[in-house]
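A.B. asks: The structure file query-v3.cif (mmCIF, C-alpha atoms and all ligand atoms) is provided below.
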```
data_my_file
#
loop_
_atom_site.label_atom_id
_atom_site.label_comp_id
_atom_site.auth_asym_id
_atom_site.auth_seq_id
_atom_site.Cartn_x
_atom_site.Cartn_y
_atom_site.Cartn_z
CA MET A 1 21.84 -14.39 2.88
CA THR A 2 23.31 -11.82 5.23
CA ALA A 3 22.84 -11.93 9.01
CA VAL A 4 20.34 -9.08 8.68
CA MET A 5 17.61 -10.34 6.31
CA PRO A 6 18.32 -8.40 3.11
CA THR A 7 14.87 -6.84 2.61
CA TYR A 8 16.19 -3.29 2.16
CA GLY A 9 18.31 -1.61 -0.47
CA ARG A 10 20.58 0.30 1.88
CA THR A 11 22.91 3.22 1.25
CA ASP A 12 26.45 2.44 2.34
CA LEU A 13 26.51 4.71 5.39
CA ARG A 14 26.64 3.97 9.12
CA PHE A 15 25.80 6.73 11.55
CA GLU A 16 27.36 6.96 14.96
CA ARG A 17 25.48 9.84 16.48
CA GLY A 18 23.05 12.65 15.82
CA GLU A 19 23.00 16.29 16.90
CA GLY A 20 19.83 18.24 16.17
CA ALA A 21 19.42 18.37 12.40
CA TYR A 22 22.75 16.60 11.73
CA LEU A 23 23.88 12.98 11.57
CA ILE A 24 27.55 12.05 11.99
CA ALA A 25 28.84 8.92 10.22
CA ASP A 26 31.39 6.47 11.63
CA ASP A 27 34.04 7.95 9.31
CA GLY A 28 33.42 11.42 10.80
CA ARG A 29 31.43 12.86 7.88
CA ARG A 30 28.62 15.22 8.92
CA PHE A 31 25.27 15.28 7.08
CA LEU A 32 22.34 17.67 7.21
CA ASP A 33 19.45 15.29 7.78
CA PHE A 34 16.46 16.21 5.59
CA GLY A 35 15.09 12.67 5.82
CA ALA A 36 14.62 12.48 9.59
CA GLY A 37 14.38 8.69 9.55
CA ILE A 38 11.48 8.97 7.04
CA ALA A 39 9.53 11.68 8.91
CA VAL A 40 10.19 10.18 12.35
CA ASN A 41 12.81 12.35 14.11
CA SER A 42 10.34 15.21 14.44
CA LEU A 43 12.53 17.01 17.01
CA GLY A 44 15.84 16.07 15.40
CA HIS A 45 18.49 13.91 17.03
CA ALA A 46 19.33 13.77 20.74
CA HIS A 47 16.79 16.44 21.67
CA PRO A 48 17.52 17.16 25.37
CA ARG A 49 13.84 16.96 26.38
CA LEU A 50 13.42 13.55 24.73
CA VAL A 51 16.69 12.24 26.15
CA ALA A 52 15.60 13.34 29.64
CA ALA A 53 12.10 11.84 29.25
CA LEU A 54 13.52 8.51 28.10
CA THR A 55 16.30 8.25 30.68
CA ASP A 56 14.08 9.39 33.58
CA GLN A 57 11.46 6.79 32.65
CA ALA A 58 14.15 4.13 32.09
CA LYS A 59 15.33 4.61 35.68
CA ALA A 60 11.78 4.22 37.01
CA LEU A 61 9.92 1.57 34.96
CA TRP A 62 10.25 0.05 31.49
CA HIS A 63 7.30 -2.23 30.95
CA THR A 64 4.31 -3.63 32.78
CA SER A 65 1.93 -4.80 29.96
CA ASN A 66 -1.60 -3.55 29.48
CA LEU A 67 -2.85 -5.81 32.25
CA TYR A 68 -2.36 -2.67 34.40
CA HIS A 69 -2.98 1.05 34.07
CA ILE A 70 0.01 2.98 32.66
CA ALA A 71 0.17 6.61 33.83
CA PRO A 72 2.15 8.13 30.90
CA GLN A 73 -0.11 6.23 28.45
CA GLU A 74 -3.23 7.70 30.07
CA ARG A 75 -1.72 11.17 30.00
CA LEU A 76 -0.75 10.84 26.31
CA ALA A 77 -4.25 9.62 25.39
CA GLU A 78 -5.85 12.52 27.27
CA ARG A 79 -3.64 15.02 25.45
CA LEU A 80 -4.31 13.49 22.01
CA VAL A 81 -8.04 13.56 22.77
CA ALA A 82 -7.89 17.17 24.02
CA ASN A 83 -6.12 18.33 20.84
CA THR A 84 -7.99 16.39 18.13
CA PHE A 85 -11.44 15.16 17.02
CA ALA A 86 -10.90 11.92 18.95
CA ASP A 87 -12.52 10.66 22.14
CA THR A 88 -10.36 7.58 22.64
CA VAL A 89 -6.95 6.15 21.63
CA PHE A 90 -5.49 2.65 21.17
CA PHE A 91 -1.68 2.48 21.34
CA CYS A 92 0.50 0.18 19.25
CA ASN A 93 4.08 0.23 17.95
CA SER A 94 4.05 1.16 14.28
CA GLY A 95 2.15 2.80 11.47
CA ALA A 96 0.94 -0.46 9.94
CA GLU A 97 -0.51 -1.57 13.28
CA ALA A 98 -2.26 1.79 13.66
CA VAL A 99 -3.86 1.34 10.22
CA GLU A 100 -4.80 -2.30 11.00
CA CYS A 101 -6.49 -1.09 14.17
CA SER A 102 -8.39 1.55 12.15
CA VAL A 103 -9.68 -1.16 9.79
CA LYS A 104 -10.71 -3.32 12.75
CA VAL A 105 -12.52 -0.39 14.39
CA ALA A 106 -14.48 0.19 11.15
CA ARG A 107 -15.51 -3.45 10.75
CA LYS A 108 -16.46 -3.76 14.42
CA TYR A 109 -18.49 -0.55 14.26
CA HIS A 110 -20.79 -1.99 11.61
CA ASP A 111 -20.93 -5.37 13.30
CA GLU A 112 -22.02 -3.63 16.49
CA THR A 113 -24.54 -1.30 14.84
CA GLY A 114 -26.46 -3.93 12.90
CA ALA A 115 -24.66 -4.02 9.54
CA PRO A 116 -22.11 -6.88 9.84
CA GLY A 117 -22.14 -7.24 6.04
CA ARG A 118 -20.32 -3.92 5.78
CA TYR A 119 -16.67 -4.94 5.91
CA ARG A 120 -15.00 -3.60 2.76
CA ILE A 121 -12.58 -0.65 2.85
CA LEU A 122 -12.22 1.75 -0.06
CA THR A 123 -8.65 2.99 -0.66
CA PHE A 124 -6.86 4.99 -3.37
CA ALA A 125 -4.34 4.22 -6.11
CA GLY A 126 -0.81 4.99 -4.97
CA ALA A 127 -1.69 4.54 -1.29
CA PHE A 128 0.83 3.17 1.18
CA HIS A 129 -0.51 1.92 4.50
CA GLY A 130 2.20 -0.51 5.67
CA ARG A 131 3.60 -4.00 5.13
CA THR A 132 1.33 -6.28 7.14
CA LEU A 133 -0.94 -8.51 5.06
CA ALA A 134 -4.05 -6.33 5.51
CA THR A 135 -2.27 -3.01 5.03
CA LEU A 136 -0.62 -4.40 1.88
CA ALA A 137 -4.08 -5.30 0.61
CA ALA A 138 -5.18 -1.74 1.43
CA GLY A 139 -2.28 -0.25 -0.56
CA ARG A 140 -2.74 -2.69 -3.45
CA GLN A 141 0.69 -2.13 -4.93
CA GLU A 142 1.63 -4.98 -7.22
CA LYS A 143 5.35 -4.62 -6.38
CA HIS A 144 4.61 -5.08 -2.65
CA LEU A 145 2.05 -7.87 -3.01
CA HIS A 146 3.85 -10.08 -5.53
CA GLY A 147 4.65 -13.48 -4.02
CA PHE A 148 2.67 -12.80 -0.85
CA GLU A 149 -0.73 -13.86 -2.23
CA PRO A 150 -3.51 -14.59 -1.48
CA VAL A 151 -4.27 -10.92 -0.92
CA VAL A 152 -6.39 -10.21 2.16
CA GLU A 153 -10.00 -9.89 1.05
CA GLY A 154 -12.14 -6.79 1.55
CA PHE A 155 -10.31 -3.85 -0.05
CA ASP A 156 -11.38 -1.86 -3.12
CA GLN A 157 -9.51 0.95 -4.84
CA VAL A 158 -10.20 3.98 -7.05
CA GLY A 159 -8.02 6.85 -8.31
CA TYR A 160 -6.61 9.28 -5.73
CA GLY A 161 -8.50 12.54 -6.01
CA ASP A 162 -11.42 11.00 -7.90
CA ALA A 163 -14.39 11.72 -5.61
CA LYS A 164 -16.91 10.66 -8.28
CA ALA A 165 -15.32 7.22 -8.58
CA ALA A 166 -15.19 6.97 -4.78
CA ALA A 167 -18.91 7.71 -4.48
CA ALA A 168 -19.67 5.13 -7.17
CA ALA A 169 -17.47 2.50 -5.50
CA VAL A 170 -19.24 2.72 -2.12
CA GLY A 171 -21.68 -0.19 -2.00
CA PRO A 172 -23.78 -2.07 0.56
CA GLU A 173 -20.67 -3.94 1.78
CA THR A 174 -18.49 -0.84 2.24
CA ALA A 175 -17.51 -0.15 5.84
CA ALA A 176 -15.17 2.81 5.43
CA ILE A 177 -13.01 5.00 3.23
CA LEU A 178 -9.28 5.04 4.09
CA VAL A 179 -7.09 7.85 2.75
CA GLU A 180 -3.79 9.71 3.25
CA PRO A 181 -4.24 13.53 3.23
CA ILE A 182 -0.95 13.65 1.29
CA GLN A 183 0.33 10.43 -0.27
CA GLY A 184 3.90 10.13 1.00
CA GLU A 185 5.46 7.01 -0.47
CA ALA A 186 3.71 7.65 -3.79
CA GLY A 187 5.79 10.83 -4.16
CA ILE A 188 4.28 13.58 -1.96
CA ARG A 189 0.96 13.79 -3.77
CA PRO A 190 -1.36 16.18 -1.89
CA ALA A 191 -5.09 15.50 -2.06
CA PRO A 192 -6.69 17.91 -4.54
CA ASP A 193 -8.59 20.84 -2.97
CA GLY A 194 -11.94 19.74 -1.62
CA PHE A 195 -11.22 15.99 -1.95
CA LEU A 196 -11.21 15.20 1.77
CA ALA A 197 -14.40 17.23 2.27
CA GLU A 198 -16.02 15.26 -0.57
CA LEU A 199 -14.98 11.98 1.04
CA ARG A 200 -16.40 13.18 4.37
CA ARG A 201 -19.71 13.90 2.66
CA ILE A 202 -19.73 10.55 0.81
CA ALA A 203 -19.05 8.69 4.07
CA ASP A 204 -21.78 10.59 5.93
CA ASP A 205 -24.34 10.04 3.16
CA ALA A 206 -23.61 6.29 3.12
CA GLY A 207 -23.45 5.90 6.92
CA ILE A 208 -19.86 4.64 6.74
CA LEU A 209 -16.65 5.79 8.44
CA LEU A 210 -13.84 8.02 7.20
CA LEU A 211 -10.42 6.69 8.24
CA LEU A 212 -7.38 8.91 7.79
CA ASP A 213 -3.85 7.57 7.58
CA GLU A 214 -1.80 10.40 9.11
CA VAL A 215 1.18 8.16 9.86
CA GLN A 216 3.45 10.37 7.75
CA THR A 217 1.49 13.67 7.63
CA GLY A 218 0.70 13.87 11.35
CA VAL A 219 2.19 15.44 14.48
CA GLY A 220 3.10 18.82 13.03
CA ARG A 221 4.71 17.74 9.77
CA THR A 222 2.49 19.95 7.56
CA GLY A 223 2.39 22.93 9.92
CA ARG A 224 -0.84 21.86 11.66
CA PHE A 225 -1.00 19.24 14.42
CA PHE A 226 -2.70 16.99 11.85
CA ALA A 227 -2.89 17.57 8.09
CA HIS A 228 -6.67 17.15 7.84
CA GLU A 229 -7.05 20.40 9.80
CA TRP A 230 -6.11 22.22 6.56
CA ALA A 231 -9.16 20.65 4.88
CA GLY A 232 -11.57 21.73 7.62
CA ILE A 233 -12.90 18.21 8.20
CA THR A 234 -12.50 15.58 10.89
CA PRO A 235 -12.30 11.81 10.41
CA ASP A 236 -13.98 9.13 12.52
CA VAL A 237 -10.73 7.22 12.97
CA MET A 238 -7.08 8.18 12.39
CA ALA A 239 -3.81 6.22 12.29
CA VAL A 240 -0.73 7.97 13.71
CA ALA A 241 2.89 6.85 14.24
CA LYS A 242 6.28 8.10 12.95
CA GLY A 243 6.69 11.64 14.39
CA LEU A 244 4.69 10.87 17.54
CA GLY A 245 7.67 9.15 19.18
CA GLY A 246 10.39 11.34 17.71
CA GLY A 247 12.38 8.15 17.02
CA PHE A 248 11.03 5.90 19.77
CA PRO A 249 8.64 3.34 18.18
CA ILE A 250 4.98 4.09 18.86
CA GLY A 251 1.73 4.06 16.91
CA ALA A 252 -1.77 5.17 17.82
CA CYS A 253 -5.29 4.71 16.51
CA LEU A 254 -7.50 7.64 17.44
CA ALA A 255 -11.29 7.35 17.19
CA THR A 256 -14.55 8.96 18.17
CA ASP A 257 -16.61 7.20 20.85
CA LYS A 258 -19.21 6.50 18.18
CA ALA A 259 -16.74 4.77 15.82
CA ALA A 260 -15.07 2.80 18.63
CA ILE A 261 -18.35 1.53 20.06
CA GLY A 262 -17.36 -2.10 19.50
CA MET A 263 -13.82 -1.88 20.92
CA THR A 264 -14.58 -3.46 24.29
CA PRO A 265 -12.22 -5.48 26.55
CA GLY A 266 -10.70 -8.40 24.66
CA THR A 267 -11.41 -7.09 21.14
CA HIS A 268 -7.89 -5.81 20.41
CA GLY A 269 -4.50 -5.76 22.06
CA SER A 270 -0.73 -5.33 21.90
CA THR A 271 1.87 -6.49 24.42
CA PHE A 272 4.13 -3.49 23.94
CA GLY A 273 1.53 -0.91 22.81
CA GLY A 274 1.58 2.24 24.93
CA ASN A 275 4.54 1.03 26.99
CA PRO A 276 5.86 3.50 29.63
CA LEU A 277 9.06 4.29 27.69
CA ALA A 278 7.26 4.99 24.39
CA THR A 279 4.49 7.06 25.93
CA SER A 280 6.85 9.08 28.15
CA VAL A 281 8.87 10.04 25.08
CA ALA A 282 5.71 10.83 23.08
CA ASN A 283 4.50 13.08 25.90
CA ALA A 284 7.79 14.96 25.65
CA VAL A 285 7.31 15.26 21.86
CA LEU A 286 3.88 16.78 22.48
CA ASP A 287 5.35 19.17 25.09
CA GLU A 288 7.36 20.69 22.24
CA ILE A 289 4.97 20.41 19.31
CA LEU A 290 1.94 21.75 21.19
CA ALA A 291 3.92 24.59 22.80
CA ASP A 292 2.90 28.10 21.77
CA GLY A 293 4.59 29.12 18.54
CA PHE A 294 5.98 25.69 17.53
CA LEU A 295 3.62 25.04 14.62
CA GLY A 296 4.00 28.69 13.56
CA HIS A 297 7.75 28.07 13.42
CA VAL A 298 7.16 25.00 11.21
CA GLU A 299 5.04 27.11 8.87
CA ALA A 300 7.68 29.86 8.71
CA VAL A 301 10.65 27.59 7.93
CA ALA A 302 8.49 25.57 5.52
CA ALA A 303 7.54 28.74 3.62
CA ARG A 304 11.22 29.68 3.28
CA LEU A 305 12.11 26.16 2.10
CA ARG A 306 9.21 26.05 -0.38
CA ASP A 307 10.09 29.47 -1.77
CA GLY A 308 13.74 28.45 -2.22
CA LEU A 309 12.79 25.14 -3.85
CA ASP A 310 10.43 26.88 -6.27
CA LYS A 311 13.30 29.20 -7.27
CA LEU A 312 15.65 26.22 -7.72
CA ALA A 313 13.04 24.44 -9.82
CA SER A 314 12.90 27.48 -12.16
CA LYS A 315 16.68 27.81 -12.26
CA HIS A 316 17.24 24.07 -12.86
CA GLY A 317 14.06 23.47 -14.86
CA ASN A 318 15.85 20.87 -16.99
CA LYS A 319 16.36 18.71 -13.87
CA ILE A 320 13.39 19.52 -11.59
CA ALA A 321 9.93 19.08 -13.09
CA GLU A 322 7.84 20.08 -10.07
CA VAL A 323 7.89 20.94 -6.36
CA ARG A 324 4.93 19.67 -4.36
CA GLY A 325 3.73 19.05 -0.82
CA GLN A 326 2.89 21.02 2.27
CA GLY A 327 4.78 22.22 5.32
CA LEU A 328 7.93 20.19 5.86
CA MET A 329 6.70 17.32 3.68
CA LEU A 330 7.98 18.36 0.27
CA GLY A 331 8.90 16.53 -2.91
CA LEU A 332 11.02 17.34 -5.94
CA ARG A 333 9.88 15.48 -9.03
CA CYS A 334 12.93 14.94 -11.22
CA HIS A 335 13.37 14.75 -14.98
CA GLY A 336 16.40 12.46 -14.66
CA PRO A 337 16.55 9.54 -12.18
CA ASN A 338 15.80 10.57 -8.57
CA THR A 339 18.41 8.03 -7.43
CA ALA A 340 21.17 10.03 -9.15
CA LEU A 341 20.15 13.25 -7.40
CA ILE A 342 19.82 11.53 -4.01
CA ALA A 343 23.31 9.99 -4.36
CA ALA A 344 24.84 13.31 -5.45
CA LEU A 345 23.19 15.09 -2.49
CA ILE A 346 24.68 12.53 -0.11
CA GLY A 347 28.08 13.25 -1.66
CA ASN A 348 27.54 16.93 -0.80
CA GLY A 349 26.30 16.28 2.75
CA LEU A 350 22.50 16.36 2.46
CA LEU A 351 20.28 13.37 3.28
CA THR A 352 16.89 13.04 1.55
CA VAL A 353 14.45 10.17 0.97
CA ILE A 354 13.42 8.41 -2.22
CA ALA A 355 9.72 8.28 -3.19
CA GLY A 356 7.53 7.08 -6.05
CA ASP A 357 6.88 9.04 -9.24
CA ASN A 358 10.60 9.84 -9.52
CA VAL A 359 10.49 12.12 -6.47
CA VAL A 360 13.14 13.17 -3.93
CA ARG A 361 11.43 13.70 -0.56
CA LEU A 362 12.47 16.41 1.89
CA LEU A 363 11.27 15.56 5.40
CA PRO A 364 13.52 17.55 7.73
CA PRO A 365 13.12 17.59 11.51
CA LEU A 366 10.53 20.18 12.51
CA ILE A 367 13.13 22.02 14.62
CA ILE A 368 15.19 23.20 11.64
CA THR A 369 16.08 26.89 11.52
CA HIS A 370 16.29 29.33 8.61
CA ASP A 371 20.05 28.63 8.56
CA HIS A 372 19.43 24.90 8.01
CA VAL A 373 17.01 25.75 5.20
CA ASP A 374 19.59 28.01 3.55
CA GLU A 375 22.29 25.36 3.95
CA ALA A 376 20.07 22.72 2.32
CA LEU A 377 19.11 25.06 -0.53
CA GLY A 378 22.79 25.85 -1.10
CA ILE A 379 23.68 22.15 -1.32
CA LEU A 380 20.72 21.49 -3.65
CA ASP A 381 21.72 24.38 -5.91
CA ARG A 382 25.34 23.23 -6.20
CA THR A 383 24.36 19.60 -6.66
CA LEU A 384 21.77 20.36 -9.34
CA ALA A 385 24.27 22.57 -11.19
CA ASP A 386 26.85 19.76 -11.22
CA LEU A 387 24.41 16.91 -11.88
CA ASP A 388 25.09 15.29 -15.20
CA VAL A 389 21.67 13.89 -16.14
N1 LIG A 401 1.02 4.70 6.46
C1 LIG A 401 1.76 5.63 5.88
C2 LIG A 401 1.09 6.82 5.24
C3 LIG A 401 3.16 5.52 5.85
O1 LIG A 401 3.89 6.47 5.24
C4 LIG A 401 3.75 4.38 6.47
C5 LIG A 401 5.22 4.21 6.43
O2 LIG A 401 5.91 4.78 5.64
C6 LIG A 401 2.93 3.43 7.07
C7 LIG A 401 1.56 3.62 7.06
C8 LIG A 401 3.52 2.23 7.73
O3 LIG A 401 4.19 2.58 8.89
P1 LIG A 401 5.21 1.55 9.56
O4 LIG A 401 6.36 1.39 8.63
O5 LIG A 401 5.58 2.23 10.87
O6 LIG A 401 4.48 0.27 9.79
#
```
Spit out the file's structure as structure tokens when you get a sec.
Ligand code: PLP
C.D. replies:
Amino acid sequence: MTAVMPTYGRTDLRFERGEGAYLIADDGRRFLDFGAGIAVNSLGHAHPRLVAALTDQAKALWHTSNLYHIAPQERLAERLVANTFADTVFFCNSGAEAVECSVKVARKYHDETGAPGRYRILTFAGAFHGRTLATLAAGRQEKHLHGFEPVVEGFDQVGYGDAKAAAAAVGPETAAILVEPIQGEAGIRPAPDGFLAELRRIADDAGILLLLDEVQTGVGRTGRFFAHEWAGITPDVMAVAKGLGGGFPIGACLATDKAAIGMTPGTHGSTFGGNPLATSVANAVLDEILADGFLGHVEAVAARLRDGLDKLASKHGNKIAEVRGQGLMLGLRCHGPNTALIAALIGNGLLTVIAGDNVVRLLPPLIITHDHVDEALGILDRTLADLDV
């Protein structure tokens, strides 16, 4: 056993510092970072506005607990409410906690509105919702659950994209449907057209809640503030994390007043959730992402990247089977092993992220320029040409 519990398969790299879209290793090598800490460093590394927000807050106040009001937390909640479907926000520290809170909100809603027997959550094959016991049960992946049984009770699953099966699986004990607008860990699998709208209708017809997991898709990643905006629907509850803190740990569960009716004092809590440091940084992230033109910039660079990737997929059709995704959440499905391509890209100075279904994920910081896109496409082209698989 190593001093750090060996739960990860790590690449043999140690980074010393970051500058915008680049990471610099301890041996001086410079990498274009198209992984962004798995969709977390939304504004890249060492963004001056985030550094200032964190250091200013650090000089004033680090932590008080939620026994007291926290001004930057209140401001962040008000801004999330003003810019989404939500009326109210619970803050936590990670994506899994944000999903757990969403599940709790759904169960409490039915308990409060006279249907305490409605507690089951319907999820979708390939889902990833986190590594706590309940979120593992929600994802239902054998490889993640093995050895950690018994599995938390109360989760059902049907095929992703199969609205008919979803409608049939909703029963008298179902409390909510939980879904990712694009499945990230499963290999950047976007919901088929109309799927989210179908789920919205199924939930409304059954009097149950629609919970969205936008932990990976949220906060500008797809070119909208949240990915469900593309589908023209709103959820009742939504889990957010990753990009919200730009690298500072924070999670949030957003809900309508109606859905959160049961979430009264004492029903849920987190010592660190919504701490002054985390919420000050998240406010600075929103200053950038909600600024005029920012999401338009994401769309423009994403279109250039997508176009270039489609051309590379045609040129290297023996190695790339498919390009998929939306905005700056893109995946290359490989014919040969994705691990070989990821390793070769590292050798040529480009960082990407592994995903299911033999996919290489591209999740660059949202601040990348056309030059960064062209640099990444150049590295991909050279690497694919040289790749011997
Ligand atoms: N939900 C989704 C869609 C995710 O992609 C992840 C992490 O990859 C999580 C939940 C869990 O987030 P965390 O690792 O912050 O607990």
A.B. asks: At a cut-off of 7 Å and counting all atoms listed in the file, what residues surround ligand LIG 401 (chain A)? Please answer as a CSV table (one decimal) with C-alpha atoms, in the frame of the given file.
C.D. replies:
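Resulting contents of out.csv:
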```
chain,number,residue,atom,x,y,z
A,94,SER,CA,4.0,1.2,14.3
A,95,GLY,CA,2.2,2.8,11.5
A,96,ALA,CA,0.9,-0.5,9.9
A,97,GLU,CA,-0.5,-1.6,13.3
A,99,VAL,CA,-3.9,1.3,10.2
A,128,PHE,CA,0.8,3.2,1.2
A,129,HIS,CA,-0.5,1.9,4.5
A,130,GLY,CA,2.2,-0.5,5.7
A,131,ARG,CA,3.6,-4.0,5.1
A,180,GLU,CA,-3.8,9.7,3.2
A,183,GLN,CA,0.3,10.4,-0.3
A,184,GLY,CA,3.9,10.1,1.0
A,185,GLU,CA,5.5,7.0,-0.5
A,213,ASP,CA,-3.8,7.6,7.6
A,214,GLU,CA,-1.8,10.4,9.1
A,215,VAL,CA,1.2,8.2,9.9
A,216,GLN,CA,3.4,10.4,7.8
A,241,ALA,CA,2.9,6.8,14.2
A,242,LYS,CA,6.3,8.1,13.0
```
A.B. asks: For Cys253 of chain A, which residue among A:Phe272, A:Tyr8, A:Phe91, A:Phe85 is the nearest when counting only C-alpha atoms?
C.D. replies: A:Phe91
A.B. asks: Got a sec: who's within 8 Å of Pro181 of chain A, counting only C-alpha atoms, leaving out chain neighbours fewer than 6 positions off, as a VMD selection string?
C.D. replies: chain A and resid 190 to 191 196 212 to 214 217 227 to 228
A.B. asks: A:Thr123, A:Thr84, A:Gln157, A:Ser280: which is nearest His63 of chain A, counting only C-alpha atoms?
C.D. replies: A:Ser280
A.B. asks: Counting all atoms listed in the file, what is within 12 Å of His268 of chain A, bar same-chain residues fewer than 4 positions away, as a tab-separated table (two decimals) with C-alpha atoms, in the coordinates of the input?
C.D. replies:
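Final output, saved to around_20.tsv:
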```
chain	number	residue	atom	x	y	z
A	66	ASN	CA	-1.60	-3.55	29.48
A	90	PHE	CA	-5.49	2.65	21.17
A	91	PHE	CA	-1.68	2.48	21.34
A	92	CYS	CA	0.50	0.18	19.25
A	97	GLU	CA	-0.51	-1.57	13.28
A	98	ALA	CA	-2.26	1.79	13.66
A	100	GLU	CA	-4.80	-2.30	11.00
A	101	CYS	CA	-6.49	-1.09	14.17
A	102	SER	CA	-8.39	1.55	12.15
A	103	VAL	CA	-9.68	-1.16	9.79
A	104	LYS	CA	-10.71	-3.32	12.75
A	105	VAL	CA	-12.52	-0.39	14.39
A	108	LYS	CA	-16.46	-3.76	14.42
A	253	CYS	CA	-5.29	4.71	16.51
A	260	ALA	CA	-15.07	2.80	18.63
A	262	GLY	CA	-17.36	-2.10	19.50
A	263	MET	CA	-13.82	-1.88	20.92
A	264	THR	CA	-14.58	-3.46	24.29
A	273	GLY	CA	1.53	-0.91	22.81
```
A.B. asks: Within 12 Å of Ala206 of chain A, counting only C-alpha atoms, which residues qualify if same-chain residues fewer than 5 places away don't, as a list in words?
C.D. replies: Arg118, Ala166, Ala167, Ala168, Ala169, Val170, Gly171, Pro172, Glu173, Thr174, Ala175, Ala176, Ile177, Leu199, Arg200 and Arg201 of chain A
A.B. asks: Could you rebuild segment 157-168 of chain A with N, CA and C atoms and give it back as a tab-separated table (two decimals), in the coordinates of the input?
C.D. replies:
```tsv
chain	number	residue	atom	x	y	z
A	157	GLN	N	-10.36	-0.23	-4.58
A	157	GLN	CA	-9.51	0.95	-4.84
A	157	GLN	C	-10.00	1.74	-6.04
A	158	VAL	N	-9.93	3.08	-5.91
A	158	VAL	CA	-10.20	3.98	-7.05
A	158	VAL	C	-9.07	5.00	-7.12
A	159	GLY	N	-9.10	5.87	-8.13
A	159	GLY	CA	-8.02	6.85	-8.31
A	159	GLY	C	-7.99	7.88	-7.18
A	160	TYR	N	-6.77	8.26	-6.78
A	160	TYR	CA	-6.61	9.28	-5.73
A	160	TYR	C	-7.08	10.62	-6.27
A	161	GLY	N	-7.98	11.25	-5.55
A	161	GLY	CA	-8.50	12.54	-6.01
A	161	GLY	C	-9.80	12.42	-6.79
A	162	ASP	N	-10.22	11.20	-7.08
A	162	ASP	CA	-11.42	11.00	-7.90
A	162	ASP	C	-12.64	10.75	-7.00
A	163	ALA	N	-13.27	11.84	-6.56
A	163	ALA	CA	-14.39	11.72	-5.61
A	163	ALA	C	-15.59	11.04	-6.27
A	164	LYS	N	-15.77	11.29	-7.56
A	164	LYS	CA	-16.91	10.66	-8.28
A	164	LYS	C	-16.77	9.14	-8.25
A	165	ALA	N	-15.56	8.67	-8.58
A	165	ALA	CA	-15.32	7.22	-8.58
A	165	ALA	C	-15.48	6.66	-7.18
A	166	ALA	N	-15.06	7.44	-6.17
A	166	ALA	CA	-15.19	6.97	-4.78
A	166	ALA	C	-16.66	6.80	-4.43
A	167	ALA	N	-17.47	7.79	-4.78
A	167	ALA	CA	-18.91	7.71	-4.48
A	167	ALA	C	-19.52	6.49	-5.17
A	168	ALA	N	-19.10	6.26	-6.41
A	168	ALA	CA	-19.67	5.13	-7.17
A	168	ALA	C	-19.21	3.79	-6.61
```
